[in-house]
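Chemist: What follows is run24.cif, made up of mmCIF, C-alpha atoms:
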```cif
data_final
#
loop_
_atom_site.label_atom_id
_atom_site.label_comp_id
_atom_site.auth_asym_id
_atom_site.auth_seq_id
_atom_site.Cartn_x
_atom_site.Cartn_y
_atom_site.Cartn_z
CA MET A 1 -9.93 34.27 9.17
CA LYS A 2 -9.13 36.25 6.04
CA ILE A 3 -5.95 35.67 4.02
CA VAL A 4 -4.76 36.82 0.60
CA PHE A 5 -2.58 34.29 -1.26
CA SER A 6 -0.73 34.05 -4.52
CA LYS A 7 -2.47 31.13 -6.23
CA GLU A 8 0.78 29.77 -7.66
CA VAL A 9 2.58 29.90 -4.31
CA LEU A 10 -0.31 28.18 -2.51
CA LEU A 11 -0.59 25.48 -5.17
CA GLU A 12 3.15 24.83 -5.03
CA LYS A 13 2.73 23.75 -1.39
CA LEU A 14 -0.74 22.19 -1.56
CA ILE A 15 -0.23 19.83 -4.53
CA PRO A 16 2.56 17.74 -2.91
CA MET A 17 0.46 17.43 0.25
CA MET A 18 -2.54 15.82 -1.47
CA GLY A 19 -1.05 12.34 -1.15
CA THR A 20 -1.45 12.52 2.62
CA VAL A 21 -5.11 13.58 2.54
CA SER A 22 -7.58 10.81 3.40
CA ASN A 23 -10.14 9.91 0.73
CA LYS A 24 -11.99 7.19 2.66
CA ASN A 25 -14.85 9.48 3.80
CA THR A 26 -14.65 8.22 7.38
CA ILE A 27 -13.43 11.26 9.34
CA PRO A 28 -14.32 14.59 7.67
CA SER A 29 -11.46 16.47 9.33
CA ILE A 30 -8.72 14.32 7.72
CA GLU A 31 -10.19 14.94 4.26
CA GLY A 32 -9.16 18.55 4.69
CA VAL A 33 -6.10 20.74 4.98
CA LEU A 34 -5.59 22.55 8.29
CA MET A 35 -4.83 26.20 7.57
CA GLU A 36 -3.38 28.19 10.49
CA THR A 37 -2.07 31.72 10.71
CA LEU A 38 1.09 31.76 12.84
CA GLY A 39 1.03 35.41 13.94
CA GLY A 40 3.75 37.18 15.88
CA GLU A 41 7.20 37.27 14.31
CA SER A 42 6.10 34.87 11.55
CA GLY A 43 4.61 37.83 9.70
CA ASN A 44 2.46 36.65 6.81
CA GLU A 45 3.29 32.94 7.11
CA VAL A 46 0.44 30.41 7.10
CA ARG A 47 0.95 26.78 8.15
CA LEU A 48 -0.70 23.99 6.18
CA SER A 49 -1.11 20.45 7.60
CA THR A 50 -2.55 17.23 6.16
CA TYR A 51 -2.78 13.86 7.93
CA ASP A 52 -4.50 10.60 6.97
CA MET A 53 -3.79 9.00 10.40
CA ASN A 54 -0.81 7.06 8.99
CA LYS A 55 1.24 9.68 7.19
CA GLY A 56 1.09 13.44 6.88
CA MET A 57 2.79 16.62 5.71
CA ARG A 58 3.27 20.10 7.07
CA ALA A 59 4.42 23.19 5.19
CA THR A 60 4.47 26.95 5.60
CA VAL A 61 3.39 29.27 2.83
CA GLU A 62 4.05 33.00 2.59
CA SER A 63 0.74 34.83 2.08
CA LEU A 64 0.38 38.23 0.48
CA GLU A 65 -1.57 39.57 3.45
CA ILE A 66 -3.25 38.27 6.62
CA MET A 67 -6.28 40.44 7.37
CA GLU A 68 -7.73 38.22 10.13
CA GLU A 69 -6.03 35.45 12.12
CA GLY A 70 -7.59 32.00 12.43
CA SER A 71 -7.32 28.23 12.27
CA TYR A 72 -9.72 26.22 10.07
CA ILE A 73 -9.96 22.96 8.12
CA ILE A 74 -10.98 23.25 4.45
CA ASN A 75 -11.75 20.26 2.23
CA ALA A 76 -8.44 19.76 0.42
CA GLN A 77 -9.74 18.22 -2.80
CA ARG A 78 -12.33 20.95 -3.37
CA LEU A 79 -9.84 23.69 -2.52
CA LEU A 80 -7.36 22.27 -5.03
CA GLN A 81 -9.97 22.00 -7.78
CA ILE A 82 -11.10 25.59 -7.24
CA LEU A 83 -7.57 27.02 -7.17
CA ARG A 84 -6.63 25.28 -10.42
CA LEU A 85 -9.61 26.79 -12.24
CA LEU A 86 -9.13 30.39 -11.12
CA ASP A 87 -7.88 32.83 -13.76
CA GLN A 88 -6.28 35.43 -11.48
CA ASP A 89 -3.18 34.82 -9.34
CA GLU A 90 -4.42 36.73 -6.29
CA VAL A 91 -6.85 34.66 -4.18
CA THR A 92 -8.65 35.72 -1.00
CA ILE A 93 -9.85 33.00 1.41
CA THR A 94 -12.30 34.13 4.07
CA VAL A 95 -13.91 32.05 6.86
CA ASP A 96 -16.65 33.69 8.95
CA GLU A 97 -17.86 32.89 12.48
CA ARG A 98 -20.34 30.32 11.09
CA ASN A 99 -17.54 28.40 9.33
CA ASN A 100 -18.63 29.56 5.87
CA VAL A 101 -15.68 29.72 3.45
CA THR A 102 -15.55 32.22 0.58
CA ILE A 103 -12.83 31.92 -2.06
CA GLU A 104 -12.58 35.00 -4.28
CA SER A 105 -10.35 35.81 -7.22
CA GLY A 106 -11.12 38.53 -9.75
CA GLU A 107 -14.79 38.19 -10.67
CA SER A 108 -15.01 34.60 -9.43
CA SER A 109 -16.39 33.57 -6.04
CA PHE A 110 -16.89 30.12 -4.48
CA SER A 111 -18.54 29.12 -1.20
CA LEU A 112 -17.62 26.10 0.95
CA TYR A 113 -17.93 24.96 4.55
CA ALA A 114 -15.01 24.71 6.96
CA MET A 115 -14.38 22.99 10.27
CA ARG A 116 -12.69 24.56 13.25
CA GLY A 117 -8.96 23.90 13.52
CA ASN A 118 -9.20 22.15 16.91
CA ASP A 119 -11.21 19.36 15.22
CA PHE A 120 -8.05 18.29 13.36
CA PRO A 121 -6.42 15.16 14.85
CA ASN A 122 -3.37 15.65 17.02
CA LEU A 123 -0.16 15.26 15.04
CA PRO A 124 2.74 13.23 16.42
CA GLU A 125 5.67 15.12 17.88
CA LEU A 126 7.73 16.08 14.85
CA SER A 127 11.15 15.42 16.35
CA GLY A 128 13.22 12.41 17.36
CA GLU A 129 16.16 11.38 19.54
CA HIS A 130 17.98 9.80 16.61
CA GLY A 131 18.52 11.48 13.28
CA PHE A 132 20.74 11.72 10.25
CA SER A 133 21.08 13.85 7.15
CA VAL A 134 21.31 12.31 3.68
CA SER A 135 21.20 13.60 0.11
CA SER A 136 17.74 13.59 -1.48
CA PRO A 137 18.93 12.01 -4.79
CA VAL A 138 20.64 9.21 -2.82
CA LEU A 139 17.46 8.52 -0.82
CA ARG A 140 15.30 8.56 -3.96
CA ARG A 141 17.70 6.17 -5.68
CA MET A 142 17.66 3.72 -2.76
CA ILE A 143 13.87 3.67 -2.50
CA GLY A 144 13.48 3.26 -6.26
CA LYS A 145 15.71 0.17 -6.24
CA VAL A 146 13.67 -1.79 -3.69
CA ILE A 147 10.10 -0.49 -3.80
CA HIS A 148 8.91 -3.13 -6.28
CA SER A 149 9.56 -5.90 -3.72
CA ILE A 150 7.38 -4.44 -0.95
CA ALA A 151 4.30 -6.56 -0.25
CA ASP A 152 0.89 -4.91 -0.67
CA GLN A 153 -0.85 -7.29 1.71
CA ASP A 154 0.75 -10.00 3.79
CA SER A 155 0.05 -11.89 6.99
CA ARG A 156 3.45 -10.62 8.14
CA PRO A 157 3.06 -6.82 8.38
CA MET A 158 6.83 -6.22 8.39
CA LEU A 159 6.97 -7.25 4.71
CA CYS A 160 4.69 -4.33 3.79
CA GLY A 161 7.60 -1.93 4.25
CA ALA A 162 11.26 -1.41 3.45
CA TYR A 163 13.83 -2.06 6.15
CA PHE A 164 16.48 0.66 6.48
CA THR A 165 19.81 0.23 8.26
CA VAL A 166 21.98 3.30 8.80
CA GLN A 167 25.60 3.02 9.85
CA SER A 168 28.42 5.51 9.73
CA GLY A 169 28.92 6.29 6.07
CA ARG A 170 26.54 3.64 4.70
CA LEU A 171 22.80 3.26 4.06
CA GLU A 172 21.20 -0.12 3.30
CA VAL A 173 17.59 -0.81 2.34
CA VAL A 174 15.92 -4.23 2.02
CA SER A 175 12.44 -5.29 0.90
CA CYS A 176 10.83 -8.70 0.48
CA ASP A 177 7.33 -9.73 -0.65
CA SER A 178 7.78 -13.52 -0.16
CA PHE A 179 8.47 -13.99 -3.90
CA THR A 180 11.28 -11.50 -4.49
CA LEU A 181 13.92 -9.89 -2.31
CA SER A 182 15.65 -6.60 -3.13
CA MET A 183 18.64 -5.13 -1.36
CA CYS A 184 20.61 -1.96 -2.07
CA SER A 185 23.55 -0.50 -0.18
CA ILE A 186 25.20 2.86 -0.85
CA ALA A 187 28.23 4.46 0.74
CA CYS A 188 27.26 8.08 1.34
CA GLU A 189 27.98 10.99 3.62
CA ILE A 190 25.60 10.68 6.56
CA ALA A 191 25.53 13.51 9.08
CA ASP A 192 24.47 12.73 12.66
CA ILE A 193 21.82 15.29 13.63
CA GLY A 194 19.94 13.53 16.44
CA GLN A 195 19.90 14.31 20.13
CA GLU A 196 21.85 11.09 20.74
CA SER A 197 24.96 9.91 18.90
CA LEU A 198 24.17 7.68 15.89
CA GLN A 199 25.84 4.27 15.85
CA THR A 200 23.52 1.85 14.06
CA LEU A 201 19.89 2.72 13.35
CA SER A 202 17.27 0.37 11.87
CA PHE A 203 13.62 1.06 11.05
CA ASN A 204 10.83 -0.10 8.74
CA ILE A 205 8.94 2.42 6.56
CA PRO A 206 5.57 1.35 5.02
CA GLY A 207 5.39 1.01 1.24
CA HIS A 208 2.53 3.52 0.85
CA ALA A 209 4.66 6.16 2.56
CA LEU A 210 7.66 5.41 0.35
CA ASN A 211 5.52 5.74 -2.79
CA GLU A 212 4.50 9.18 -1.58
CA LEU A 213 8.08 10.09 -0.69
CA LEU A 214 9.24 9.29 -4.22
CA ARG A 215 6.64 11.76 -5.45
CA VAL A 216 7.62 14.65 -3.18
CA LEU A 217 11.38 14.29 -2.55
CA PRO A 218 13.42 16.86 -4.53
CA ASP A 219 15.26 15.60 -7.63
CA LYS A 220 18.02 18.15 -7.19
CA GLU A 221 20.85 17.96 -4.67
CA GLU A 222 19.41 18.82 -1.28
CA GLN A 223 19.96 17.43 2.19
CA VAL A 224 17.05 15.60 3.84
CA GLN A 225 16.96 15.64 7.62
CA PHE A 226 15.65 12.23 8.73
CA TYR A 227 14.54 11.79 12.37
CA VAL A 228 13.38 8.54 13.95
CA ALA A 229 11.03 8.78 16.93
CA ARG A 230 9.42 5.94 18.89
CA LYS A 231 6.64 5.28 16.38
CA HIS A 232 7.20 7.76 13.55
CA ALA A 233 9.80 8.72 10.98
CA ILE A 234 10.05 12.45 10.23
CA LEU A 235 11.71 13.87 7.11
CA MET A 236 12.40 17.57 6.65
CA PHE A 237 13.26 19.02 3.24
CA HIS A 238 12.52 22.01 1.03
CA ASP A 239 10.64 23.88 3.81
CA MET A 240 8.32 20.89 4.22
CA ILE A 241 7.92 18.13 6.80
CA PHE A 242 6.82 14.60 5.86
CA PHE A 243 6.05 12.11 8.63
CA THR A 244 4.83 8.53 8.68
CA ARG A 245 4.05 5.82 11.18
CA MET A 246 6.69 3.08 11.12
CA ILE A 247 6.02 -0.67 11.10
CA ASP A 248 6.67 -2.28 14.49
CA GLY A 249 8.18 -5.73 14.83
CA GLU A 250 11.40 -7.47 13.98
CA TYR A 251 12.22 -7.76 10.28
CA LEU A 252 12.90 -11.19 8.80
CA ASP A 253 16.44 -12.58 8.85
CA TYR A 254 16.99 -11.98 5.14
CA GLN A 255 20.64 -13.03 5.22
CA ARG A 256 19.52 -16.54 6.14
CA ILE A 257 17.33 -16.98 3.05
CA ILE A 258 19.91 -15.75 0.53
CA PRO A 259 21.08 -18.83 -1.43
CA LYS A 260 24.66 -19.90 -0.90
CA ASN A 261 27.01 -21.95 -3.07
CA GLN A 262 25.40 -21.23 -6.44
CA THR A 263 26.92 -23.38 -9.20
CA ILE A 264 25.52 -21.90 -12.44
CA PHE A 265 26.48 -18.41 -13.58
CA ALA A 266 25.52 -16.32 -16.60
CA HIS A 267 26.94 -12.91 -17.53
CA VAL A 268 24.21 -11.13 -19.54
CA ASP A 269 23.82 -7.75 -21.20
CA ARG A 270 21.16 -5.99 -19.11
CA ALA A 271 19.51 -3.98 -21.92
CA ARG A 272 19.29 -7.06 -24.15
CA LEU A 273 17.80 -9.20 -21.36
CA LEU A 274 15.28 -6.52 -20.40
CA SER A 275 14.01 -6.11 -23.98
CA ALA A 276 13.66 -9.91 -24.33
CA LEU A 277 11.69 -10.13 -21.07
CA GLU A 278 9.37 -7.29 -22.07
CA ARG A 279 8.60 -9.05 -25.34
CA ALA A 280 7.97 -12.31 -23.48
CA ASN A 281 5.68 -10.47 -21.08
CA LEU A 282 3.29 -9.63 -23.92
CA VAL A 283 2.43 -13.34 -23.90
CA ALA A 284 3.09 -14.15 -20.24
CA ASP A 285 0.72 -11.43 -19.02
CA GLU A 286 -2.22 -12.94 -20.88
CA LYS A 287 -4.37 -14.70 -18.32
CA ILE A 288 -5.19 -18.34 -18.86
CA LYS A 289 -8.73 -19.03 -17.73
CA GLY A 290 -8.73 -20.80 -14.38
CA SER A 291 -4.93 -20.99 -14.05
CA GLY A 292 -3.71 -17.45 -13.39
CA LYS A 293 -0.82 -16.07 -15.40
CA SER A 294 1.59 -17.82 -17.69
CA TYR A 295 5.29 -17.86 -16.81
CA VAL A 296 8.47 -17.07 -18.67
CA LYS A 297 10.93 -19.91 -19.26
CA LEU A 298 14.69 -19.29 -19.21
CA THR A 299 16.91 -21.88 -20.87
CA PHE A 300 20.65 -21.65 -20.18
CA GLU A 301 22.42 -23.80 -22.77
CA GLY A 302 26.01 -23.30 -23.81
CA ASP A 303 26.65 -19.63 -24.47
CA GLN A 304 23.00 -18.88 -25.16
CA LEU A 305 20.07 -17.81 -23.02
CA THR A 306 16.61 -18.41 -24.48
CA VAL A 307 13.68 -16.43 -23.07
CA ALA A 308 10.33 -18.00 -23.99
CA SER A 309 6.69 -17.92 -22.97
CA THR A 310 3.53 -19.68 -24.13
CA SER A 311 -0.14 -18.94 -23.51
CA VAL A 312 -3.43 -19.98 -25.09
CA ASN A 313 -3.17 -17.03 -27.47
CA GLY A 314 0.37 -17.50 -28.71
CA LYS A 315 4.03 -17.95 -27.86
CA VAL A 316 7.28 -16.02 -28.02
CA SER A 317 10.95 -17.02 -28.04
CA ASP A 318 14.05 -14.82 -27.93
CA THR A 319 17.70 -15.95 -27.85
CA LEU A 320 20.62 -13.87 -26.66
CA THR A 321 24.28 -14.61 -26.11
CA CYS A 322 25.75 -14.83 -22.63
CA ARG A 323 28.89 -16.04 -20.89
CA HIS A 324 27.71 -19.21 -19.17
CA GLU A 325 29.52 -21.17 -16.47
CA GLY A 326 28.21 -24.46 -15.07
CA GLU A 327 25.53 -26.91 -16.16
CA ASP A 328 22.71 -26.22 -18.61
CA LEU A 329 19.41 -25.38 -16.93
CA VAL A 330 15.74 -24.72 -17.68
CA ILE A 331 13.84 -22.66 -15.09
CA GLY A 332 10.56 -20.70 -14.96
CA PHE A 333 9.65 -17.36 -13.36
CA ASN A 334 6.85 -14.86 -13.06
CA CYS A 335 7.90 -12.51 -15.87
CA ARG A 336 6.83 -9.32 -14.11
CA TYR A 337 9.01 -10.12 -11.09
CA LEU A 338 12.03 -10.58 -13.36
CA ILE A 339 11.36 -7.37 -15.29
CA ASN A 340 11.05 -5.29 -12.11
CA SER A 341 14.36 -6.58 -10.75
CA VAL A 342 16.28 -6.23 -14.03
CA LYS A 343 14.95 -2.68 -14.46
CA ALA A 344 16.19 -1.72 -11.00
CA ALA A 345 19.59 -3.38 -11.51
CA ASP A 346 21.22 -0.54 -13.40
CA SER A 347 24.51 -2.14 -14.39
CA GLU A 348 25.57 -2.63 -18.01
CA THR A 349 26.27 -6.34 -17.49
CA LEU A 350 24.47 -8.51 -14.92
CA LEU A 351 25.59 -11.66 -13.18
CA LEU A 352 22.77 -14.22 -12.88
CA SER A 353 23.46 -17.00 -10.36
CA LEU A 354 21.46 -20.24 -10.04
CA LYS A 355 21.72 -23.77 -8.70
CA SER A 356 18.63 -25.76 -9.72
CA PRO A 357 15.12 -25.32 -11.24
CA THR A 358 13.62 -25.18 -7.73
CA GLN A 359 16.00 -22.68 -6.13
CA SER A 360 16.12 -18.90 -6.38
CA LEU A 361 17.82 -16.87 -9.07
CA THR A 362 20.00 -13.99 -7.85
CA ILE A 363 20.97 -10.88 -9.82
CA GLU A 364 24.02 -8.72 -9.12
CA ALA A 365 26.32 -6.40 -11.00
CA GLU A 366 29.01 -8.27 -12.92
CA THR A 367 31.62 -5.93 -11.46
CA PRO A 368 30.82 -5.15 -7.79
CA SER A 369 31.43 -1.64 -6.50
CA GLU A 370 32.26 -0.66 -2.94
CA GLU A 371 30.40 2.63 -3.41
CA GLU A 372 27.09 1.08 -4.42
CA SER A 373 25.81 -2.48 -4.57
CA PHE A 374 22.48 -4.13 -5.33
CA PHE A 375 21.18 -7.66 -4.96
CA TYR A 376 17.93 -9.19 -6.21
CA MET A 377 16.50 -12.66 -5.57
CA ILE A 378 13.49 -14.17 -7.36
CA LEU A 379 11.77 -17.44 -6.52
CA PRO A 380 11.07 -19.75 -9.50
CA VAL A 381 7.68 -21.19 -10.43
CA ARG A 382 6.82 -24.80 -11.05
CA MET A 383 6.56 -25.36 -14.80
CA THR A 384 3.93 -27.62 -16.31
CA ASP A 385 5.95 -28.68 -19.35
#
```
Turn this file's structure into structure tokens for me.
Modeler:
Amino acid sequence: MKIVFSKEVLLEKLIPMMGTVSNKNTIPSIEGVLMETLGGESGNEVRLSTYDMNKGMRATVESLEIMEEGSYIINAQRLLQILRLLDQDEVTITVDERNNVTIESGESSFSLYAMRGNDFPNLPELSGEHGFSVSSPVLRRMIGKVIHSIADQDSRPMLCGAYFTVQSGRLEVVSCDSFTLSMCSIACEIADIGQESLQTLSFNIPGHALNELLRVLPDKEEQVQFYVARKHAILMFHDMIFFTRMIDGEYLDYQRIIPKNQTIFAHVDRARLLSALERANLVADEKIKGSGKSYVKLTFEGDQLTVASTSVNGKVSDTLTCRHEGEDLVIGFNCRYLINSVKAADSETLLLSLKSPTQSLTIEAETPSEEESFFYMILPVRMTD
């Protein structure tokens, strides 16, 4: 195989794909990028594929010239490092019959070893019976609102992902890590593009895949084609394909755990609350030896909300005005959980709803919108004072 690339064009495709390259040093082939010449009517197009056995990406790149056809796996991290350090834009990649790789640009030359393309693991079928099209900014916005509540590790695997529900004209995403619950729903134009008509579609995407999606989805207005197969979700955008294994199993009945009949309400300025929580977190984040992290204490009294925290190294207290309905209340929370939810709740004024010091706090927009809604729930902690 011998191909001449523009360094900038190749890097533009390779860099987004690095998040789906394995770095666990278990299977050499999945530490590499599969580089295949397509031949025929494809002209000078070369297909790149990466796959870490859970998620992967595929893209085509237009080369300057294909001198010899071929299919080989090249270590992705080393290829990226070399390309970034080359001075010239024109790069020639050659693989001989002994799998020796030569990367040349100007006066520079590097040597690596490749693996044959048929050693790359089989990719899932990149199509599905059900599919829909949604705007990239809308999808990014939805993921960003719930990703902080996805569990990293849990005995219930379904909590390690975000649960999507697609209905005609509406997309809802829910995540829960046993301590917080996040829900976002947006009315948007959803185009049915699957082989079968779309009525209601539900699926669970792992958190590690969503983190990668946030990194590679376009910021600008662009339609993302989203297909759901039996075990995989496939997204097509910007001449690239992203695919990930979905989480099997029924998601928890989150409607059942949402508190009903709250009796205490506070209308709070979001920016003011967020700044008070971030100041409190300077103290709350300090670890107390043998007892984990300190908590933040919220005191609802009259038309004031006091945000306070105490640790062995100091204490902080901040008072802000609010419109308070119901009884006075003192309640404690993990400060980081509160900050994450308030950051994601992008409404000028928030409605905080409570019932008792042992029941969850919920956060919503003061003025609900039919176009877009969010809902956050945070479990309290038991206070020692």
Chemist: Extract, using all atoms listed in the file, all DNA, RNA and protein residues at most 9 Å from His148 (chain A), discarding same-chain residues fewer than 6 positions from it, and format them as an MDAnalysis selection string.
Modeler: chainID A and resid 175:177 180 182 337 340:341 344
Chemist: Kindly export the residues of the current selection with C-alpha atoms, as a PDB file, in the coordinates of the input.
Modeler:
```
ATOM      1  CA  SER A 175      12.440  -5.290   0.900  1.00  0.00           C
ATOM      2  CA  CYS A 176      10.830  -8.700   0.480  1.00  0.00           C
ATOM      3  CA  ASP A 177       7.330  -9.730  -0.650  1.00  0.00           C
ATOM      4  CA  THR A 180      11.280 -11.500  -4.490  1.00  0.00           C
ATOM      5  CA  SER A 182      15.650  -6.600  -3.130  1.00  0.00           C
ATOM      6  CA  TYR A 337       9.010 -10.120 -11.090  1.00  0.00           C
ATOM      7  CA  ASN A 340      11.050  -5.290 -12.110  1.00  0.00           C
ATOM      8  CA  SER A 341      14.360  -6.580 -10.750  1.00  0.00           C
ATOM      9  CA  ALA A 344      16.190  -1.720 -11.000  1.00  0.00           C
TER      10      ALA A 344
END
```
Chemist: Given 8 Å of margin on each side, can you work out the centre and size in Å (one decimal) of an axis-aligned box holding every listed atom of region 121-133 of chain A, as JSON?
Modeler:
```
{"center_x": 7.3, "center_y": 12.9, "center_z": 13.3, "size_x": 43.5, "size_y": 22.3, "size_z": 28.4}
```
Chemist: List the residues selected by the PyMOL selection byres ((chain A and resi 179) around 10) in the file shown, writing them as a ChimeraX atom specification.
Modeler: /A:149,151,176-178,180-181,334,337,360,377-381
Chemist: Of the candidates A:Ile73, A:Ile363, A:Phe265, A:Pro121, which one gets nearest to Val101 (chain A) if we count only C-alpha atoms?
Modeler: A:Ile73
Chemist: Rounded to one decimal place, report the CA of Lys231 (chain A)-CA of Ile193 (chain A) distance in Å.
Modeler: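 Taking CA of Lys231 (chain A) as the start and CA of Ile193 (chain A) as the end point, the length is 18.4 Å.
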Chemist: Expanded to explicit residues, what is the PyMOL selection byres ((chain A and resi 364) around 6) for this file, as a PyMOL selection string?
Modeler: chain A and resi 350-351+363+365+375
Chemist: Selection in question (the file shown): the PyMOL selection byres ((chain A and resi 154-157) around 10). Which residues does it include, as an NGL selection string?
Modeler: :A and (150-153 or 158-161 or 177-178 or 206 or 247-249 or 251-252)
Chemist: Quick one, how far is CA of Ser49 (chain A) from CA of Leu83 (chain A)?
Modeler: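 Taking CA of Ser49 (chain A) as the start and CA of Leu83 (chain A) as the end point, the length is 17.4 Å.
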Chemist: Hey, what's within 8 Å of Val224 (chain A) if we count only C-alpha atoms and toss same-chain stuff fewer than 4 positions away? As a list in words, please?
Modeler: Ser133, Val134, Ser135, Ser136, Leu235, Met236 and Phe237 of chain A
Chemist: Compile the contact shell of region 85-93 of chain A as an MDAnalysis selection string: residues with an atom at most 10 Å away, counting only C-alpha atoms, same-chain residues fewer than 3 positions apart removed.
Modeler: chainID A and resid 1:10 63:67 80:82 101:111
Chemist: In Å, with one decimal, what is the gap from CA of Val283 (chain A) to CA of Gln304 (chain A)?
Modeler: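 It comes out at 21.3 Å.
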Chemist: Which residues come within 8 Å of Ser317 (chain A), counting only C-alpha atoms, excluding same-chain residues fewer than 2 positions away, as a PyMOL selection string?
Modeler: chain A and resi 280+306-309+315+319
Chemist: Counting only C-alpha atoms, find residues at most 12 Å from (23.4, 7.7, 3.3) (file frame) and give them as a ChimeraX atom specification.
Modeler: /A:131-143,164-173,184-192,201,223-226,371-372
Chemist: Of the candidates A:Gly314, A:Gly326, A:Gly144, A:Gly207, which shows the shortest atom-to-atom distance to Phe374 (chain A), using all atoms listed in the file?
Modeler: A:Gly144
Chemist: From the set A:Val296, A:Met240, A:Leu320, A:Ile205, which residue has the shortest atom-to-atom contact distance to Met57 (chain A), counting all atoms listed in the file?
Modeler: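 For Met57 (chain A), the nearest of the given residues is A:Met240.
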Chemist: For each of A:Leu354, A:Cys335, A:Lys13, A:Glu97, take the minimum atom-to-atom distance to Lys297 (chain A), counting only C-alpha atoms, then give the residue where this is smallest.
Modeler: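 For Lys297 (chain A), the nearest of the given residues is A:Cys335.
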Chemist: Nearest to Gly70 (chain A) among A:Glu45, A:Arg279, A:Met35, A:Tyr51, with distances taken over all atoms listed in the file: which residue is it?
Modeler: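 Looking only at the distances to Gly70 (chain A), the closest residue turns out to be A:Met35.
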